[in-house]
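What follows is my_file-v2.cif (mmCIF, C-alpha atoms; chains and numbers go by the auth columns).
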```cif
data_data
loop_
_atom_site.group_PDB
_atom_site.id
_atom_site.type_symbol
_atom_site.label_atom_id
_atom_site.label_comp_id
_atom_site.label_asym_id
_atom_site.label_seq_id
_atom_site.Cartn_x
_atom_site.Cartn_y
_atom_site.Cartn_z
_atom_site.B_iso_or_equiv
_atom_site.auth_seq_id
_atom_site.auth_asym_id
ATOM 1 C CA MET A 1 -27.996 -41.805 -15.156 0.00 971 A
ATOM 2 C CA LYS A 2 -26.198 -44.933 -13.977 0.00 972 A
ATOM 3 C CA ILE A 3 -25.418 -45.962 -10.386 0.00 973 A
ATOM 4 C CA ILE A 4 -22.685 -48.539 -9.712 0.00 974 A
ATOM 5 C CA SER A 5 -20.786 -50.001 -6.756 0.00 975 A
ATOM 6 C CA PRO A 6 -17.126 -49.107 -6.172 0.00 976 A
ATOM 7 C CA SER A 7 -14.466 -51.683 -6.931 0.00 977 A
ATOM 8 C CA THR A 8 -10.740 -52.369 -7.152 0.00 978 A
ATOM 9 C CA GLU A 9 -8.578 -54.462 -9.466 0.00 979 A
ATOM 10 C CA ILE A 10 -4.898 -55.368 -9.167 0.00 980 A
ATOM 11 C CA LEU A 11 -3.435 -54.585 -12.593 0.00 981 A
ATOM 12 C CA ALA A 12 0.249 -55.428 -12.164 0.00 982 A
ATOM 13 C CA TYR A 13 2.879 -56.275 -9.573 0.00 983 A
ATOM 14 C CA THR A 14 6.536 -57.157 -9.295 0.00 984 A
ATOM 15 C CA GLU A 15 6.932 -60.873 -9.944 0.00 985 A
ATOM 16 C CA ASN A 16 8.245 -62.860 -6.949 0.00 986 A
ATOM 17 C CA LEU A 17 7.753 -59.734 -4.855 0.00 987 A
ATOM 18 C CA GLU A 18 8.570 -61.243 -1.458 0.00 988 A
ATOM 19 C CA GLN A 19 11.657 -63.011 -2.810 0.00 989 A
ATOM 20 C CA ILE A 20 12.933 -59.807 -4.458 0.00 990 A
ATOM 21 C CA ILE A 21 12.543 -57.969 -1.150 0.00 991 A
ATOM 22 C CA GLU A 22 14.414 -60.698 0.695 0.00 992 A
ATOM 23 C CA LEU A 23 17.243 -60.688 -1.839 0.00 993 A
ATOM 24 C CA ALA A 24 17.564 -56.898 -1.718 0.00 994 A
ATOM 25 C CA GLY A 25 17.516 -56.894 2.072 0.00 995 A
ATOM 26 C CA ARG A 26 20.083 -59.670 2.430 0.00 996 A
ATOM 27 C CA VAL A 27 22.529 -57.662 0.357 0.00 997 A
ATOM 28 C CA CYS A 28 22.764 -55.360 3.390 0.00 998 A
ATOM 29 C CA TYR A 29 24.009 -58.222 5.526 0.00 999 A
ATOM 30 C CA LYS A 30 25.661 -60.255 2.728 0.00 1000 A
ATOM 31 C CA SER A 31 23.592 -63.236 3.804 0.00 1001 A
ATOM 32 C CA GLU A 32 22.325 -64.250 0.373 0.00 1002 A
ATOM 33 C CA ASP A 33 23.635 -67.749 1.068 0.00 1003 A
ATOM 34 C CA ARG A 34 20.783 -68.201 3.568 0.00 1004 A
ATOM 35 C CA ILE A 35 18.071 -67.788 0.939 0.00 1005 A
ATOM 36 C CA THR A 36 15.821 -70.826 0.528 0.00 1006 A
ATOM 37 C CA GLU A 37 12.428 -71.386 -1.059 0.00 1007 A
ATOM 38 C CA GLU A 38 10.764 -70.703 2.310 0.00 1008 A
ATOM 39 C CA SER A 39 13.069 -68.076 3.843 0.00 1009 A
ATOM 40 C CA ALA A 40 11.402 -64.873 2.557 0.00 1010 A
ATOM 41 C CA ALA A 41 8.562 -64.799 5.089 0.00 1011 A
ATOM 42 C CA GLY A 42 10.866 -65.122 8.105 0.00 1012 A
ATOM 43 C CA PHE A 43 13.320 -62.556 6.764 0.00 1013 A
ATOM 44 C CA ILE A 44 10.554 -60.015 6.071 0.00 1014 A
ATOM 45 C CA ALA A 45 9.101 -60.590 9.532 0.00 1015 A
ATOM 46 C CA ARG A 46 12.479 -59.771 11.050 0.00 1016 A
ATOM 47 C CA MET A 47 12.658 -56.618 8.958 0.00 1017 A
ATOM 48 C CA HIS A 48 9.263 -55.597 10.345 0.00 1018 A
ATOM 49 C CA ASP A 49 10.420 -56.248 13.901 0.00 1019 A
ATOM 50 C CA SER A 50 13.639 -54.272 13.456 0.00 1020 A
ATOM 51 C CA LYS A 51 11.822 -51.415 11.641 0.00 1021 A
ATOM 52 C CA HIS A 52 14.171 -51.883 8.681 0.00 1022 A
ATOM 53 C CA GLU A 53 11.281 -51.225 6.316 0.00 1023 A
ATOM 54 C CA SER A 54 13.209 -49.490 3.560 0.00 1024 A
ATOM 55 C CA VAL A 55 13.727 -52.952 2.064 0.00 1025 A
ATOM 56 C CA LEU A 56 9.958 -53.089 1.461 0.00 1026 A
ATOM 57 C CA GLU A 57 10.377 -50.383 -1.171 0.00 1027 A
ATOM 58 C CA HIS A 58 11.791 -52.850 -3.705 0.00 1028 A
ATOM 59 C CA GLY A 59 8.991 -53.671 -6.106 0.00 1029 A
ATOM 60 C CA SER A 60 5.564 -52.219 -6.778 0.00 1030 A
ATOM 61 C CA ILE A 61 1.871 -53.038 -7.016 0.00 1031 A
ATOM 62 C CA THR A 62 -0.569 -51.245 -9.333 0.00 1032 A
ATOM 63 C CA VAL A 63 -4.298 -51.062 -8.568 0.00 1033 A
ATOM 64 C CA ARG A 64 -7.238 -49.612 -10.489 0.00 1034 A
ATOM 65 C CA PHE A 65 -9.845 -48.000 -8.211 0.00 1035 A
ATOM 66 C CA ILE A 66 -13.379 -47.283 -9.389 0.00 1036 A
ATOM 67 C CA CYS A 67 -14.751 -44.919 -6.782 0.00 1037 A
ATOM 68 C CA ASP A 68 -16.338 -41.529 -6.351 0.00 1038 A
ATOM 69 C CA ARG A 69 -14.267 -38.392 -6.760 0.00 1039 A
ATOM 70 C CA GLY A 70 -14.443 -37.634 -3.055 0.00 1040 A
ATOM 71 C CA VAL A 71 -12.579 -40.856 -2.304 0.00 1041 A
ATOM 72 C CA SER A 72 -10.080 -40.182 -5.090 0.00 1042 A
ATOM 73 C CA HIS A 73 -9.287 -36.797 -3.535 0.00 1043 A
ATOM 74 C CA GLU A 74 -8.170 -38.624 -0.385 0.00 1044 A
ATOM 75 C CA LEU A 75 -6.160 -41.214 -2.300 0.00 1045 A
ATOM 76 C CA VAL A 76 -3.984 -38.665 -4.065 0.00 1046 A
ATOM 77 C CA ARG A 77 -2.868 -37.213 -0.728 0.00 1047 A
ATOM 78 C CA HIS A 78 -0.457 -40.133 -0.396 0.00 1048 A
ATOM 79 C CA ARG A 79 2.958 -38.967 -1.545 0.00 1049 A
ATOM 80 C CA VAL A 80 5.120 -42.018 -2.321 0.00 1050 A
ATOM 81 C CA ALA A 81 2.919 -43.222 -5.166 0.00 1051 A
ATOM 82 C CA SER A 82 2.015 -42.567 -8.790 0.00 1052 A
ATOM 83 C CA PHE A 83 -1.506 -41.665 -9.872 0.00 1053 A
ATOM 84 C CA SER A 84 -3.311 -41.555 -13.225 0.00 1054 A
ATOM 85 C CA GLN A 85 -6.945 -40.473 -13.045 0.00 1055 A
ATOM 86 C CA GLU A 86 -9.867 -40.209 -15.427 0.00 1056 A
ATOM 87 C CA SER A 87 -9.959 -36.547 -16.462 0.00 1057 A
ATOM 88 C CA THR A 88 -13.172 -34.545 -16.352 0.00 1058 A
ATOM 89 C CA ARG A 89 -11.388 -31.884 -18.432 0.00 1059 A
ATOM 90 C CA TYR A 90 -11.063 -34.182 -21.423 0.00 1060 A
ATOM 91 C CA CYS A 91 -13.764 -36.843 -20.958 0.00 1061 A
ATOM 92 C CA ASN A 92 -17.002 -35.653 -22.551 0.00 1062 A
ATOM 93 C CA TYR A 93 -19.760 -37.673 -20.902 0.00 1063 A
ATOM 94 C CA GLY A 94 -22.234 -36.425 -23.479 0.00 1064 A
ATOM 95 C CA LYS A 95 -20.553 -38.649 -26.082 0.00 1065 A
ATOM 96 C CA GLU A 96 -21.759 -42.095 -27.159 0.00 1066 A
ATOM 97 C CA LYS A 97 -18.682 -43.814 -25.652 0.00 1067 A
ATOM 98 C CA PHE A 98 -19.989 -42.814 -22.218 0.00 1068 A
ATOM 99 C CA GLY A 99 -23.601 -43.638 -23.034 0.00 1069 A
ATOM 100 C CA LYS A 100 -24.464 -39.929 -23.039 0.00 1070 A
ATOM 101 C CA GLU A 101 -24.965 -40.136 -19.294 0.00 1071 A
ATOM 102 C CA LEU A 102 -23.157 -39.720 -16.011 0.00 1072 A
ATOM 103 C CA THR A 103 -22.244 -42.619 -13.734 0.00 1073 A
ATOM 104 C CA PHE A 104 -22.382 -42.238 -9.962 0.00 1074 A
ATOM 105 C CA ILE A 105 -21.118 -44.390 -7.090 0.00 1075 A
ATOM 106 C CA ASP A 106 -23.851 -45.905 -4.943 0.00 1076 A
ATOM 107 C CA PRO A 107 -23.455 -44.521 -1.385 0.00 1077 A
ATOM 108 C CA LEU A 108 -25.514 -47.260 0.260 0.00 1078 A
ATOM 109 C CA GLY A 109 -22.637 -49.751 0.330 0.00 1079 A
ATOM 110 C CA ALA A 110 -20.747 -47.499 2.737 0.00 1080 A
ATOM 111 C CA PHE A 111 -23.817 -45.994 4.406 0.00 1081 A
ATOM 112 C CA PRO A 112 -26.298 -48.884 4.712 0.00 1082 A
ATOM 113 C CA ASN A 113 -28.285 -47.025 7.384 0.00 1083 A
ATOM 114 C CA MET A 114 -28.894 -43.983 5.208 0.00 1084 A
ATOM 115 C CA PRO A 115 -32.614 -43.140 5.407 0.00 1085 A
ATOM 116 C CA LEU A 116 -34.473 -44.023 2.232 0.00 1086 A
ATOM 117 C CA ALA A 117 -35.722 -40.443 2.025 0.00 1087 A
ATOM 118 C CA SER A 118 -32.116 -39.214 2.065 0.00 1088 A
ATOM 119 C CA PHE A 119 -31.161 -41.679 -0.652 0.00 1089 A
ATOM 120 C CA GLY A 120 -34.104 -40.400 -2.682 0.00 1090 A
ATOM 121 C CA CYS A 121 -32.841 -36.831 -2.251 0.00 1091 A
ATOM 122 C CA TRP A 122 -29.378 -37.957 -3.354 0.00 1092 A
ATOM 123 C CA LYS A 123 -30.763 -39.503 -6.544 0.00 1093 A
ATOM 124 C CA VAL A 124 -32.706 -36.342 -7.343 0.00 1094 A
ATOM 125 C CA VAL A 125 -29.590 -34.189 -6.916 0.00 1095 A
ATOM 126 C CA MET A 126 -27.514 -36.540 -9.079 0.00 1096 A
ATOM 127 C CA LYS A 127 -30.155 -36.418 -11.805 0.00 1097 A
ATOM 128 C CA HIS A 128 -30.195 -32.625 -11.688 0.00 1098 A
ATOM 129 C CA ALA A 129 -26.386 -32.561 -11.900 0.00 1099 A
ATOM 130 C CA GLU A 130 -26.496 -34.808 -14.958 0.00 1100 A
ATOM 131 C CA GLU A 131 -29.124 -32.642 -16.624 0.00 1101 A
ATOM 132 C CA ALA A 132 -27.182 -29.449 -15.900 0.00 1102 A
ATOM 133 C CA TYR A 133 -23.942 -30.968 -17.221 0.00 1103 A
ATOM 134 C CA LEU A 134 -25.518 -32.212 -20.441 0.00 1104 A
ATOM 135 C CA ASP A 135 -27.387 -28.920 -20.909 0.00 1105 A
ATOM 136 C CA MET A 136 -24.130 -26.986 -20.622 0.00 1106 A
ATOM 137 C CA LEU A 137 -22.537 -29.198 -23.274 0.00 1107 A
ATOM 138 C CA GLU A 138 -25.566 -28.726 -25.497 0.00 1108 A
ATOM 139 C CA CYS A 139 -25.210 -24.958 -25.085 0.00 1109 A
ATOM 140 C CA GLY A 140 -21.633 -25.120 -26.335 0.00 1110 A
ATOM 141 C CA SER A 141 -19.614 -25.452 -23.113 0.00 1111 A
ATOM 142 C CA THR A 142 -16.436 -27.508 -23.180 0.00 1112 A
ATOM 143 C CA PRO A 143 -16.145 -30.497 -20.813 0.00 1113 A
ATOM 144 C CA GLN A 144 -13.782 -28.537 -18.565 0.00 1114 A
ATOM 145 C CA GLU A 145 -16.404 -25.794 -18.270 0.00 1115 A
ATOM 146 C CA ALA A 146 -19.306 -28.182 -17.716 0.00 1116 A
ATOM 147 C CA ARG A 147 -17.470 -30.163 -15.066 0.00 1117 A
ATOM 148 C CA SER A 148 -18.051 -27.326 -12.606 0.00 1118 A
ATOM 149 C CA VAL A 149 -21.476 -28.851 -11.828 0.00 1119 A
ATOM 150 C CA LEU A 150 -20.185 -32.401 -11.280 0.00 1120 A
ATOM 151 C CA PRO A 151 -20.586 -33.724 -7.705 0.00 1121 A
ATOM 152 C CA ASN A 152 -18.274 -35.787 -5.507 0.00 1122 A
ATOM 153 C CA SER A 153 -20.437 -38.860 -6.177 0.00 1123 A
ATOM 154 C CA LEU A 154 -19.370 -38.908 -9.830 0.00 1124 A
ATOM 155 C CA LYS A 155 -17.683 -42.199 -10.711 0.00 1125 A
ATOM 156 C CA THR A 156 -13.997 -41.912 -11.481 0.00 1126 A
ATOM 157 C CA GLU A 157 -11.205 -44.361 -12.275 0.00 1127 A
ATOM 158 C CA ILE A 158 -7.761 -43.900 -10.796 0.00 1128 A
ATOM 159 C CA VAL A 159 -4.731 -46.144 -11.200 0.00 1129 A
ATOM 160 C CA VAL A 160 -2.353 -46.147 -8.232 0.00 1130 A
ATOM 161 C CA THR A 161 1.162 -47.591 -8.182 0.00 1131 A
ATOM 162 C CA ALA A 162 3.118 -47.787 -4.941 0.00 1132 A
ATOM 163 C CA ASN A 163 5.768 -49.893 -3.293 0.00 1133 A
ATOM 164 C CA PRO A 164 4.784 -52.380 -0.547 0.00 1134 A
ATOM 165 C CA ARG A 165 5.933 -50.092 2.247 0.00 1135 A
ATOM 166 C CA GLU A 166 3.633 -47.317 1.043 0.00 1136 A
ATOM 167 C CA TRP A 167 0.733 -49.722 0.522 0.00 1137 A
ATOM 168 C CA ARG A 168 1.130 -50.812 4.151 0.00 1138 A
ATOM 169 C CA HIS A 169 0.986 -47.160 5.201 0.00 1139 A
ATOM 170 C CA ILE A 170 -2.079 -46.566 3.010 0.00 1140 A
ATOM 171 C CA PHE A 171 -3.880 -49.546 4.527 0.00 1141 A
ATOM 172 C CA LYS A 172 -2.987 -48.461 8.061 0.00 1142 A
ATOM 173 C CA LEU A 173 -4.641 -45.087 7.479 0.00 1143 A
ATOM 174 C CA ARG A 174 -7.484 -46.037 5.158 0.00 1144 A
ATOM 175 C CA CYS A 175 -8.684 -49.230 6.886 0.00 1145 A
ATOM 176 C CA SER A 176 -8.784 -47.492 10.250 0.00 1146 A
ATOM 177 C CA PRO A 177 -12.167 -47.065 11.970 0.00 1147 A
ATOM 178 C CA GLN A 178 -11.530 -43.315 11.714 0.00 1148 A
ATOM 179 C CA ALA A 179 -11.275 -43.451 7.888 0.00 1149 A
ATOM 180 C CA HIS A 180 -14.161 -42.380 5.676 0.00 1150 A
ATOM 181 C CA PRO A 181 -16.697 -45.228 5.280 0.00 1151 A
ATOM 182 C CA GLN A 182 -16.479 -45.146 1.483 0.00 1152 A
ATOM 183 C CA MET A 183 -12.693 -45.422 1.681 0.00 1153 A
ATOM 184 C CA ARG A 184 -12.966 -48.369 4.086 0.00 1154 A
ATOM 185 C CA GLU A 185 -15.453 -50.007 1.726 0.00 1155 A
ATOM 186 C CA LEU A 186 -12.691 -50.166 -0.883 0.00 1156 A
ATOM 187 C CA MET A 187 -9.592 -50.609 1.230 0.00 1157 A
ATOM 188 C CA ILE A 188 -10.553 -53.356 3.659 0.00 1158 A
ATOM 189 C CA PRO A 189 -11.313 -55.933 0.929 0.00 1159 A
ATOM 190 C CA LEU A 190 -8.230 -54.793 -1.009 0.00 1160 A
ATOM 191 C CA GLN A 191 -6.014 -55.244 2.046 0.00 1161 A
ATOM 192 C CA GLU A 192 -7.429 -58.753 2.473 0.00 1162 A
ATOM 193 C CA THR A 193 -6.593 -59.509 -1.173 0.00 1163 A
ATOM 194 C CA PHE A 194 -3.047 -58.227 -0.676 0.00 1164 A
ATOM 195 C CA ALA A 195 -2.678 -60.291 2.505 0.00 1165 A
ATOM 196 C CA PHE A 196 -3.728 -63.448 0.652 0.00 1166 A
ATOM 197 C CA ALA A 197 -1.321 -62.768 -2.234 0.00 1167 A
ATOM 198 C CA TRP A 198 1.648 -61.565 -0.152 0.00 1168 A
ATOM 199 C CA PRO A 199 1.094 -62.748 3.446 0.00 1169 A
ATOM 200 C CA SER A 200 4.532 -61.815 4.752 0.00 1170 A
ATOM 201 C CA LEU A 201 4.060 -58.226 3.600 0.00 1171 A
ATOM 202 C CA PHE A 202 0.385 -57.535 4.263 0.00 1172 A
ATOM 203 C CA GLY A 203 -0.707 -60.240 6.666 0.00 1173 A
ATOM 204 C CA THR A 204 0.944 -58.490 9.619 0.00 1174 A
ATOM 205 C CA GLU A 205 0.240 -55.296 11.517 0.00 1175 A
ATOM 206 C CA GLU A 206 2.489 -52.323 10.806 0.00 1176 A
#
```
Translate the structure described by the file into structure tokens.
Amino acid sequence: MKIISPSTEILAYTENLEQIIELAGRVCYKSEDRITEESAAGFIARMHDSKHESVLEHGSITVRFICDRGVSHELVRHRVASFSQESTRYCNYGKEKFGKELTFIDPLGAFPNMPLASFGCWKVVMKHAEEAYLDMLECGSTPQEARSVLPNSLKTEIVVTANPREWRHIFKLRCSPQAHPQMRELMIPLQETFAFAWPSLFGTEE
């Protein structure tokens, strides 16, 4: 049994994203002649102010999330995005490529005040789930049959591609104090990374 922390990684994005959005938006007003090396930030800010946010849909950003399956179930509720997720139907964790073990996401990063006794109970349950899963495979079950005993804490990988407008919506919901702590653990640092890379798009409130 392996326990790891959740993480994110930006895999790909539209090159010159802010400039592409400015160019696309200025077509609406035929003001391309006003484009300069520094004009994108001001133009995008005005689009925010006027709620003309459809222009933010030009371009995309792709992120790999390593999280537990409970978090992934919330991620896929967002509609204007594409998702590709590690499949428990086809991944056989009893194989050498997976170390013949299950990997779980450490809950303590999101729940630092969890009582140690509760964390001990969690580890026991995860170990039992791993044993049951591997026993079912050993008895001849297929991975899609054995996955019925896998818990929400199982590590999963999911690649998410969305346009900047949708990412802003995702961050608004998933960085909120009302969001699940394990979702906030992933999304708040990711939003900060986005804001550093594309300040005119993600350095402002929606």
Rounded to one decimal in Å, what is the spacing between CA of Leu993 (chain A) and CA of Pro1134 (chain A)?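 One can read the CA of Leu993 (chain A) to CA of Pro1134 (chain A) distance as 15.0 Å.
Evaluating the PyMOL selection byres ((chain A and resi 1010) around 7) against the shown model yields Glu988, Gln989, Glu992, Glu1008, Ser1009, Ala1011, Gly1012, Phe1013 and Ile1014 of chain A.
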Using C-alpha atoms, can you export the residues from the last selection as a short mmCIF file (atom, residue, chain, number, x, y, z; two decimals), in the coordinates of the input?
```cif
data_model
loop_
_atom_site.label_atom_id
_atom_site.label_comp_id
_atom_site.auth_asym_id
_atom_site.auth_seq_id
_atom_site.Cartn_x
_atom_site.Cartn_y
_atom_site.Cartn_z
CA GLU A 988 8.57 -61.24 -1.46
CA GLN A 989 11.66 -63.01 -2.81
CA GLU A 992 14.41 -60.70 0.70
CA GLU A 1008 10.76 -70.70 2.31
CA SER A 1009 13.07 -68.08 3.84
CA ALA A 1011 8.56 -64.80 5.09
CA GLY A 1012 10.87 -65.12 8.10
CA PHE A 1013 13.32 -62.56 6.76
CA ILE A 1014 10.55 -60.02 6.07
#
```
Expressed in Å, the length from CA of Met1096 (chain A) to CA of Ala1080 (chain A) is 17.5 Å
Identify, on the basis of all atoms listed in the file, every residue whose closest approach to region 1051-1067 of chain A does not exceed 9 Å; exclude the query and any residue fewer than 2 positions from it along the same chain; express the result as an mmCIF file with C-alpha atoms, keeping the file's coordinate frame.
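Result went into selection29.cif, see below:
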```
data_model
loop_
_atom_site.group_PDB
_atom_site.id
_atom_site.type_symbol
_atom_site.label_atom_id
_atom_site.label_comp_id
_atom_site.auth_asym_id
_atom_site.auth_seq_id
_atom_site.Cartn_x
_atom_site.Cartn_y
_atom_site.Cartn_z
ATOM 1 C CA SER A 1042 -10.080 -40.182 -5.090
ATOM 2 C CA LEU A 1045 -6.160 -41.214 -2.300
ATOM 3 C CA VAL A 1046 -3.984 -38.665 -4.065
ATOM 4 C CA HIS A 1048 -0.457 -40.133 -0.396
ATOM 5 C CA ARG A 1049 2.958 -38.967 -1.545
ATOM 6 C CA GLY A 1069 -23.601 -43.638 -23.034
ATOM 7 C CA LYS A 1070 -24.464 -39.929 -23.039
ATOM 8 C CA GLU A 1071 -24.965 -40.136 -19.294
ATOM 9 C CA LEU A 1072 -23.157 -39.720 -16.011
ATOM 10 C CA TYR A 1103 -23.942 -30.968 -17.221
ATOM 11 C CA LEU A 1104 -25.518 -32.212 -20.441
ATOM 12 C CA LEU A 1107 -22.537 -29.198 -23.274
ATOM 13 C CA GLU A 1108 -25.566 -28.726 -25.497
ATOM 14 C CA THR A 1112 -16.436 -27.508 -23.180
ATOM 15 C CA PRO A 1113 -16.145 -30.497 -20.813
ATOM 16 C CA GLN A 1114 -13.782 -28.537 -18.565
ATOM 17 C CA GLU A 1115 -16.404 -25.794 -18.270
ATOM 18 C CA ALA A 1116 -19.306 -28.182 -17.716
ATOM 19 C CA ARG A 1117 -17.470 -30.163 -15.066
ATOM 20 C CA LEU A 1120 -20.185 -32.401 -11.280
ATOM 21 C CA THR A 1126 -13.997 -41.912 -11.481
ATOM 22 C CA GLU A 1127 -11.205 -44.361 -12.275
ATOM 23 C CA ILE A 1128 -7.761 -43.900 -10.796
ATOM 24 C CA VAL A 1129 -4.731 -46.144 -11.200
ATOM 25 C CA VAL A 1130 -2.353 -46.147 -8.232
ATOM 26 C CA THR A 1131 1.162 -47.591 -8.182
ATOM 27 C CA ALA A 1132 3.118 -47.787 -4.941
ATOM 28 C CA ASN A 1133 5.768 -49.893 -3.293
ATOM 29 C CA GLU A 1136 3.633 -47.317 1.043
ATOM 30 C CA TRP A 1137 0.733 -49.722 0.522
#
```
Of the listed residues A:Leu1156, A:Ile1075, A:Ile974, A:Ala1102, that which approaches Asn1122 (chain A) most closely, counting only C-alpha atoms: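 Checking each candidate against Asn1122 (chain A), we get A:Ile1075 as the closest.
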Enumerate, as an MDAnalysis selection string, the residues matched when the PyMOL selection byres ((chain A and resi 995) around 12) is run on the file above. chainID A and resid 988:994 996:1002 1004:1005 1010 1013:1018 1022:1028
Surrounding residues of Ser1123 (chain A) excluding itself and chain neighbours under 4 positions, 12 Å, all atoms listed in the file, as a list in words: Lys972, Ile973, Ile974, Ser975, Pro976, Ile1036, Cys1037, Asp1038, Arg1039, Gly1040, Val1041, Ser1042, His1043, Leu1072, Thr1073, Phe1074, Ile1075, Asp1076, Pro1077, Leu1078, Trp1092, Lys1093, Val1095, Met1096, Lys1097, Ala1099, Glu1100, Val1119 and Gln1152 of chain A
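Take the PyMOL selection byres ((chain A and resi 1158) around 12) and apply it to this file: it picks Ser977, Thr978, Ala1080, Arg1138, Ile1140, Phe1141, Lys1142, Leu1143, Arg1144, Cys1145, Ser1146, Pro1147, Ala1149, His1150, Pro1151, Gln1152, Met1153, Arg1154, Glu1155, Leu1156, Met1157, Pro1159, Leu1160, Gln1161, Glu1162, Thr1163, Phe1164, Ala1165 and Phe1172 of chain A.
Interatomic distance, CA of Gly1029 (chain A) to CA of His1139 (chain A): 15.3 Å.
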Counting only C-alpha atoms, select every polymer residue within 7 Å of (3.7, -53.3, -10.0) as defined in the file's coordinates, and provide the selection as a PyMOL selection string. chain A and resi 982-984+1029-1032+1131
Since the input has fewer atoms than a full residue there, write region 1067-1080 of chain A out with N, CA and C atoms, as a PDB file, keeping the file's coordinate frame.
```
ATOM      1  N   LYS A1067     -19.559 -42.873 -26.340  1.00  0.00           N
ATOM      2  CA  LYS A1067     -18.682 -43.814 -25.652  1.00  0.00           C
ATOM      3  C   LYS A1067     -18.961 -43.867 -24.161  1.00  0.00           C
ATOM      4  N   PHE A1068     -19.605 -42.829 -23.622  1.00  0.00           N
ATOM      5  CA  PHE A1068     -19.989 -42.814 -22.218  1.00  0.00           C
ATOM      6  C   PHE A1068     -21.490 -43.048 -22.036  1.00  0.00           C
ATOM      7  N   GLY A1069     -22.165 -43.405 -23.113  1.00  0.00           N
ATOM      8  CA  GLY A1069     -23.601 -43.638 -23.034  1.00  0.00           C
ATOM      9  C   GLY A1069     -24.416 -42.373 -22.925  1.00  0.00           C
ATOM     10  N   LYS A1070     -23.794 -41.220 -23.161  1.00  0.00           N
ATOM     11  CA  LYS A1070     -24.464 -39.929 -23.039  1.00  0.00           C
ATOM     12  C   LYS A1070     -25.128 -39.764 -21.679  1.00  0.00           C
ATOM     13  N   GLU A1071     -24.431 -40.241 -20.649  1.00  0.00           N
ATOM     14  CA  GLU A1071     -24.965 -40.136 -19.294  1.00  0.00           C
ATOM     15  C   GLU A1071     -23.814 -40.101 -18.300  1.00  0.00           C
ATOM     16  N   LEU A1072     -24.133 -39.698 -17.092  1.00  0.00           N
ATOM     17  CA  LEU A1072     -23.157 -39.720 -16.011  1.00  0.00           C
ATOM     18  C   LEU A1072     -23.318 -40.998 -15.193  1.00  0.00           C
ATOM     19  N   THR A1073     -22.225 -41.445 -14.610  1.00  0.00           N
ATOM     20  CA  THR A1073     -22.244 -42.619 -13.734  1.00  0.00           C
ATOM     21  C   THR A1073     -21.846 -42.181 -12.328  1.00  0.00           C
ATOM     22  N   PHE A1074     -22.615 -42.619 -11.355  1.00  0.00           N
ATOM     23  CA  PHE A1074     -22.382 -42.238  -9.962  1.00  0.00           C
ATOM     24  C   PHE A1074     -22.135 -43.483  -9.113  1.00  0.00           C
ATOM     25  N   ILE A1075     -21.404 -43.299  -8.020  1.00  0.00           N
ATOM     26  CA  ILE A1075     -21.118 -44.390  -7.090  1.00  0.00           C
ATOM     27  C   ILE A1075     -22.226 -44.468  -6.043  1.00  0.00           C
ATOM     28  N   ASP A1076     -22.779 -45.656  -5.900  1.00  0.00           N
ATOM     29  CA  ASP A1076     -23.851 -45.905  -4.943  1.00  0.00           C
ATOM     30  C   ASP A1076     -23.337 -45.681  -3.516  1.00  0.00           C
ATOM     31  N   PRO A1077     -23.934 -44.772  -2.748  1.00  0.00           N
ATOM     32  CA  PRO A1077     -23.455 -44.521  -1.385  1.00  0.00           C
ATOM     33  C   PRO A1077     -23.937 -45.544  -0.365  1.00  0.00           C
ATOM     34  N   LEU A1078     -24.911 -46.374  -0.731  1.00  0.00           N
ATOM     35  CA  LEU A1078     -25.514 -47.260   0.260  1.00  0.00           C
ATOM     36  C   LEU A1078     -24.579 -48.371   0.716  1.00  0.00           C
ATOM     37  N   GLY A1079     -23.581 -48.732  -0.103  1.00  0.00           N
ATOM     38  CA  GLY A1079     -22.637 -49.751   0.330  1.00  0.00           C
ATOM     39  C   GLY A1079     -21.847 -49.317   1.547  1.00  0.00           C
ATOM     40  N   ALA A1080     -21.509 -48.035   1.608  1.00  0.00           N
ATOM     41  CA  ALA A1080     -20.747 -47.499   2.737  1.00  0.00           C
ATOM     42  C   ALA A1080     -21.655 -46.957   3.835  1.00  0.00           C
TER      43      ALA A1080
END
```
